[in-house]
Amino acid sequence: MEDFAIKVEKVSKVFKLPREKNSSIKSAFVNFYKSKKGYELQKALNNVSFEIKKGEFFGIVGRNGSGKSTMLKLLAGIYTPSKGEVHVRGSLTPFIELGVGFNPELTGRENVFLNGSLLGFNRREMKLMYNDIVEFAELERFMDQKLKNYSSGMQVRLAFSIAIRAQSDILLIDEVLAVGDSAFQRKCFDYFEDIKKSGKTIVLVSHDMDSIKRFCTRAALISNGRLELIGSPAQVADLYEKQNASDKKLSDRDEWYINRGTIIKTIELNNDKAKFSSDEKIQIKLLINSDSERIVFPGLNIFKDGQLVSGATPQFQMEPIMISKDSSITYTYEFTTKSLTQGDYLVDGIVYESGKDTPIFYRSQMLNFYVSSLEGGWGSNNLNGKWSASNPSGDDD
Amino acid sequence: MRHYFSKKNRALVSELVRTDFKLRYQGSALGYAWSLLRPLLIFVILYVVFVKFLKLGTEIPHFPVYLLLGIVMWNFFNEMTVMSQGSIVGRGDLIRKISIPRWIIVLSSSISALINLLLNLLVVILFLFINHVDLLKTTLLLPLILLEVYLFALGISLFLAAAFVKYRDIGYIWEVILQAGFYLTPILYPLTRITNVTFQKLIMINPMAQAVQDARYSSVTHQTLTGYKIYDGGWYAFIPFAIVIIVLVLGIRYFRKESKYFAENI
């Protein structure tokens, strides 16, 4: 008999997504009567089979929506497969989220016992571990306060200190690494090293290829609900990054929004030409439209030959302007061709919202212009350097 | 069978019940005292209205205790089914993130209700003494009758909890059924007030009516009109018990079938 810890056999999972949430008897009845399906079928996983051996540190990799979280929940027994079977040998504890079942109205102490019971520990066992847990979380002074008065970092620390007590043969870990500061992450990594040595079976679901490569002995890549590759962590990480990179190129050319209401309506050159010689003024005028009140500012990415020449934003030059509901603001950006070399330039339009790092609107290649300036040389920058020469024959008597 | 009562499951039930109790009286000055005060106050109101104003139950000895026992039993049934109904949805965070047995959640809310019942029975016992009710030997049967009520409520609770995940209308429907059940069960009025024997027989088919009357017979006064007396010892007397068993079996089966999909349906 093989020594597997988890065996997944031809597992498919289909979700019924209600078009209109069917949580009343009337709508269920009406839909039945009309013999119309009130839901869409979504195939999250399609005929996936693999086996995880005892003592393996197994990584599951995939992008958002690829089905990897569904896989994890199937392994954990939270979901039931639509087809196929999942066999698990030994006790299993899932960590899909830290601090599941934490109740903000209870004290830290009470939550420790509650959370411990979810891991299968009774009160007597928890009492023995209690001091260690509190000490590890460094929360001695706060245990009799209600959890709602804890900072999120404190909550995570407490949850983690309890979680690492789990004695199961198999641990399922999902993105736990994503939270917490670097000191906390180091603790996580130390813990992973420890359990790796202890011979437990671990399944880690992550986006982070570094941790996959660092800890896993084997890994699987899931994309679009299918098992794409199962192999060494390096192979899997390689393919994952390749897939991501090719997708990135595609999406860069597209435009994208966070909020369809706030966009750059137009970008145009304020000059009546699109071809410039050296040391000419260029004015780019853009119009931001918004259907809701927000503080935004624009950005321009200027490319030549696919390389970013300059990114420009008024953020550090002027106070942000509030744009009111259903109105627009015009910004003008003026610069000279003095430091540009000869070639075609493409301009991407961006809108940032004040206080957020990621843009809320991005559209590439909204504008182009041409610079002809042979004396500037080539490349992306004209350094405005001056050439000079002197007579090399030095004997000047 | 043993794994149902494994150490893990027992620890879980005990923590969930504890949490229920801690949260229930959170922020109230009197705290746990309310579990005794609440039935006491409700009883005082009903006593004044039904015994003093309406003069109900003069033909029944110890009517106040008789009334109280009925109310306590109905409240238990009401509380347990309503609490269990929302229990799965209310613990959605656990259902979606970990794989504890789903029935444990319903079980723990039923145990919370059971603890409340025991506290309320303390009030009943207090009134038994105040009213100088002679202790009957048949009182020993009371736990069995309460067990029957518990199993009946458990069957309904399992069904409601599972159905509520998919259909939130269940909450309103069950509220109406409970209200109707309260008046169709001889709780506030003595059964003898209904003079039509056919109606009496129909009412006594309801397991709650049968259980309430049997409990009163066993612990308060043998003058209570029980189903057994009405049916004159016929086999009909077993209908309520059959209903309890059928409801329990169907409830468990429906819950089992549905519980696989709780995580995705919540």
# chains A, B, ... in the order shown; residues from 1 in each chain; ligands from 1
call {"tool": "residues_around", "arguments": {"residues": "Thr341 in chain A", "least_positions_apart": "3", "cutoff": "6 Å", "atoms": "only C-alpha atoms", "output": "ChimeraX atom specification"}}
result
/A:376,378,381-382
call {"tool": "write_last_selection", "arguments": {"atoms": "C-alpha atoms", "output": "CSV table (one decimal), in the first residue's frame"}}
result
chain,number,residue,atom,x,y,z
A,376,GLY,CA,20.5,64.6,-29.2
A,378,TRP,CA,19.7,58.1,-29.5
A,381,ASN,CA,17.5,60.6,-23.0
A,382,ASN,CA,19.1,63.6,-24.5
call {"tool": "residues_around", "arguments": {"residues": "Ile263 in chain A", "least_positions_apart": "4", "cutoff": "12 Å", "atoms": "only C-alpha atoms", "output": "ChimeraX atom specification"}}
result
/A:255-259,267,286-292,296-299,323,326-329,349-353,359-363
call {"tool": "interface_residues", "arguments": {"of": "chain A", "to": "chain B", "cutoff": "7 Å", "atoms": "only C-alpha atoms", "output": "mmCIF file with C-alpha atoms, in the first residue's frame"}}
result
data_model
loop_
_atom_site.group_PDB
_atom_site.id
_atom_site.type_symbol
_atom_site.label_atom_id
_atom_site.label_comp_id
_atom_site.auth_asym_id
_atom_site.auth_seq_id
_atom_site.Cartn_x
_atom_site.Cartn_y
_atom_site.Cartn_z
ATOM 1 C CA SER A 23 -33.171 32.692 -0.792
ATOM 2 C CA SER A 24 -36.909 32.932 -0.677
ATOM 3 C CA ILE A 25 -39.417 30.226 -1.271
ATOM 4 C CA ALA A 76 -10.330 20.368 4.190
ATOM 5 C CA GLY A 77 -13.761 18.786 3.815
ATOM 6 C CA ILE A 78 -15.508 22.142 3.840
ATOM 7 C CA TYR A 79 -16.814 21.597 0.334
ATOM 8 C CA THR A 80 -18.039 18.305 -1.079
ATOM 9 C CA PRO A 94 -7.089 23.730 7.857
ATOM 10 C CA ILE A 96 -7.733 29.091 5.733
ATOM 11 C CA VAL A 100 -11.536 31.760 12.696
ATOM 12 C CA GLY A 101 -14.273 31.902 15.276
ATOM 13 C CA LEU A 114 -12.812 28.881 22.141
ATOM 14 C CA SER A 117 -11.657 23.881 20.978
ATOM 15 C CA LEU A 118 -11.932 24.401 17.224
ATOM 16 C CA GLY A 120 -9.796 19.873 19.056
ATOM 17 C CA PHE A 121 -8.355 20.741 22.452
ATOM 18 C CA ASN A 122 -10.477 20.540 25.570
#
call {"tool": "atom_distance", "arguments": {"atom1": "CA of Ser372 in chain A", "atom2": "CA of Ala389 in chain A"}}
result
25.4 Å
call {"tool": "closest_atom_pairs", "arguments": {"of": "range 91-192 of chain A", "to": "range 47-56 of chain A", "cutoff": "12 Å", "atoms": "only C-alpha atoms", "output": "tab-separated table"}}
result
residue	atom	partner	partner_atom	distance
A:Asp169	CA	A:Lys54	CA	8.8
A:Ile170	CA	A:Lys54	CA	8.6
A:Leu171	CA	A:Gly55	CA	10.7
A:Leu172	CA	A:Glu56	CA	11.9
call {"tool": "write_last_selection", "arguments": {"atoms": "N, CA and C atoms", "output": "JSON list (two decimals), in the first residue's frame"}}
result
[["chain", "number", "residue", "atom", "x", "y", "z"],
["A", 169, "ASP", "N", -1.97, 15.53, 11.87],
["A", 169, "ASP", "CA", -0.98, 14.91, 10.99],
["A", 169, "ASP", "C", -0.80, 15.73, 9.73],
["A", 170, "ILE", "N", -1.90, 16.40, 9.32],
["A", 170, "ILE", "CA", -1.87, 17.16, 8.07],
["A", 170, "ILE", "C", -2.31, 18.59, 8.35],
["A", 171, "LEU", "N", -1.56, 19.55, 7.87],
["A", 171, "LEU", "CA", -1.94, 20.96, 8.02],
["A", 171, "LEU", "C", -2.15, 21.57, 6.64],
["A", 172, "LEU", "N", -3.26, 22.29, 6.49],
["A", 172, "LEU", "CA", -3.51, 23.01, 5.24],
["A", 172, "LEU", "C", -3.36, 24.50, 5.53]]
call {"tool": "closest_residue", "arguments": {"among": "B:Thr185, B:Gln200, B:Thr138, B:Ser219", "to": "Val124 in chain B", "atoms": "only C-alpha atoms"}}
result
B:Ser219
call {"tool": "select_by_dssp", "arguments": {"residues": "range 28-174 of chain A", "states": "strand (DSSP E or B)", "output": "JSON, numbers by chain"}}
result
{"A": [39, 40, 41, 42, 43, 44, 45, 46, 47, 48, 49, 50, 51, 52, 53, 57, 58, 59, 60, 61, 83, 84, 85, 86, 87, 88, 92, 93, 94, 95, 107, 146, 170, 171, 172, 173, 174]}
call {"tool": "closest_residue", "arguments": {"among": "A:Val112, A:Leu75, A:Leu147, A:Val61", "to": "Phe160 in chain A", "atoms": "only C-alpha atoms"}}
result
A:Val112
call {"tool": "residues_around", "arguments": {"residues": "Thr332 in chain A", "least_positions_apart": "5", "cutoff": "8 Å", "atoms": "only C-alpha atoms", "output": "ChimeraX atom specification"}}
result
/A:283-286
call {"tool": "write_last_selection", "arguments": {"atoms": "C-alpha atoms", "output": "mmCIF file, in the first residue's frame"}}
result
data_model
loop_
_atom_site.group_PDB
_atom_site.id
_atom_site.type_symbol
_atom_site.label_atom_id
_atom_site.label_comp_id
_atom_site.auth_asym_id
_atom_site.auth_seq_id
_atom_site.Cartn_x
_atom_site.Cartn_y
_atom_site.Cartn_z
ATOM 1 C CA GLN A 283 1.667 71.067 -23.849
ATOM 2 C CA ILE A 284 -0.462 68.032 -23.059
ATOM 3 C CA LYS A 285 -3.982 68.835 -22.024
ATOM 4 C CA LEU A 286 -6.170 66.219 -20.375
#
call {"tool": "closest_residue", "arguments": {"among": "A:Ser168, A:Thr358, A:Asn270, A:Gln145", "to": "Pro104 in chain A", "atoms": "only C-alpha atoms"}}
result
A:Gln145
call {"tool": "decode", "arguments": {"residues": "range 119-133 of chain B", "atoms": "N, CA and C atoms", "output": "mmCIF file, in the first residue's frame"}}
result
data_model
loop_
_atom_site.group_PDB
_atom_site.id
_atom_site.type_symbol
_atom_site.label_atom_id
_atom_site.label_comp_id
_atom_site.auth_asym_id
_atom_site.auth_seq_id
_atom_site.Cartn_x
_atom_site.Cartn_y
_atom_site.Cartn_z
ATOM 1 N N LEU B 119 -32.971 25.753 34.274
ATOM 2 C CA LEU B 119 -33.077 26.901 35.174
ATOM 3 C C LEU B 119 -34.540 27.263 35.412
ATOM 4 N N ASN B 120 -35.330 27.221 34.331
ATOM 5 C CA ASN B 120 -36.751 27.542 34.466
ATOM 6 C C ASN B 120 -37.479 26.516 35.330
ATOM 7 N N LEU B 121 -37.037 25.255 35.220
ATOM 8 C CA LEU B 121 -37.675 24.223 36.042
ATOM 9 C C LEU B 121 -37.424 24.476 37.529
ATOM 10 N N LEU B 122 -36.284 25.131 37.836
ATOM 11 C CA LEU B 122 -36.033 25.494 39.234
ATOM 12 C C LEU B 122 -37.145 26.407 39.734
ATOM 13 N N VAL B 123 -37.564 27.342 38.879
ATOM 14 C CA VAL B 123 -38.656 28.245 39.245
ATOM 15 C C VAL B 123 -39.936 27.439 39.455
ATOM 16 N N VAL B 124 -40.166 26.449 38.578
ATOM 17 C CA VAL B 124 -41.362 25.616 38.713
ATOM 18 C C VAL B 124 -41.338 24.881 40.057
ATOM 19 N N ILE B 125 -40.172 24.322 40.381
ATOM 20 C CA ILE B 125 -40.060 23.578 41.642
ATOM 21 C C ILE B 125 -40.334 24.491 42.831
ATOM 22 N N LEU B 126 -39.809 25.717 42.733
ATOM 23 C CA LEU B 126 -40.061 26.704 43.782
ATOM 24 C C LEU B 126 -41.562 26.888 43.991
ATOM 25 N N PHE B 127 -42.313 26.991 42.878
ATOM 26 C CA PHE B 127 -43.750 27.197 42.992
ATOM 27 C C PHE B 127 -44.476 25.942 43.449
ATOM 28 N N LEU B 128 -43.907 24.781 43.116
ATOM 29 C CA LEU B 128 -44.497 23.542 43.629
ATOM 30 C C LEU B 128 -44.521 23.580 45.151
ATOM 31 N N PHE B 129 -43.427 24.080 45.732
ATOM 32 C CA PHE B 129 -43.377 24.157 47.194
ATOM 33 C C PHE B 129 -44.295 25.239 47.720
ATOM 34 N N ILE B 130 -44.272 26.396 47.088
ATOM 35 C CA ILE B 130 -45.115 27.501 47.539
ATOM 36 C C ILE B 130 -46.580 27.100 47.521
ATOM 37 N N ASN B 131 -46.971 26.351 46.480
ATOM 38 C CA ASN B 131 -48.361 25.949 46.324
ATOM 39 C C ASN B 131 -48.710 24.704 47.129
ATOM 40 N N HIS B 132 -47.746 24.194 47.874
ATOM 41 C CA HIS B 132 -47.952 22.982 48.674
ATOM 42 C C HIS B 132 -48.485 21.836 47.837
ATOM 43 N N VAL B 133 -47.894 21.642 46.661
ATOM 44 C CA VAL B 133 -48.307 20.515 45.827
ATOM 45 C C VAL B 133 -47.688 19.248 46.421
#
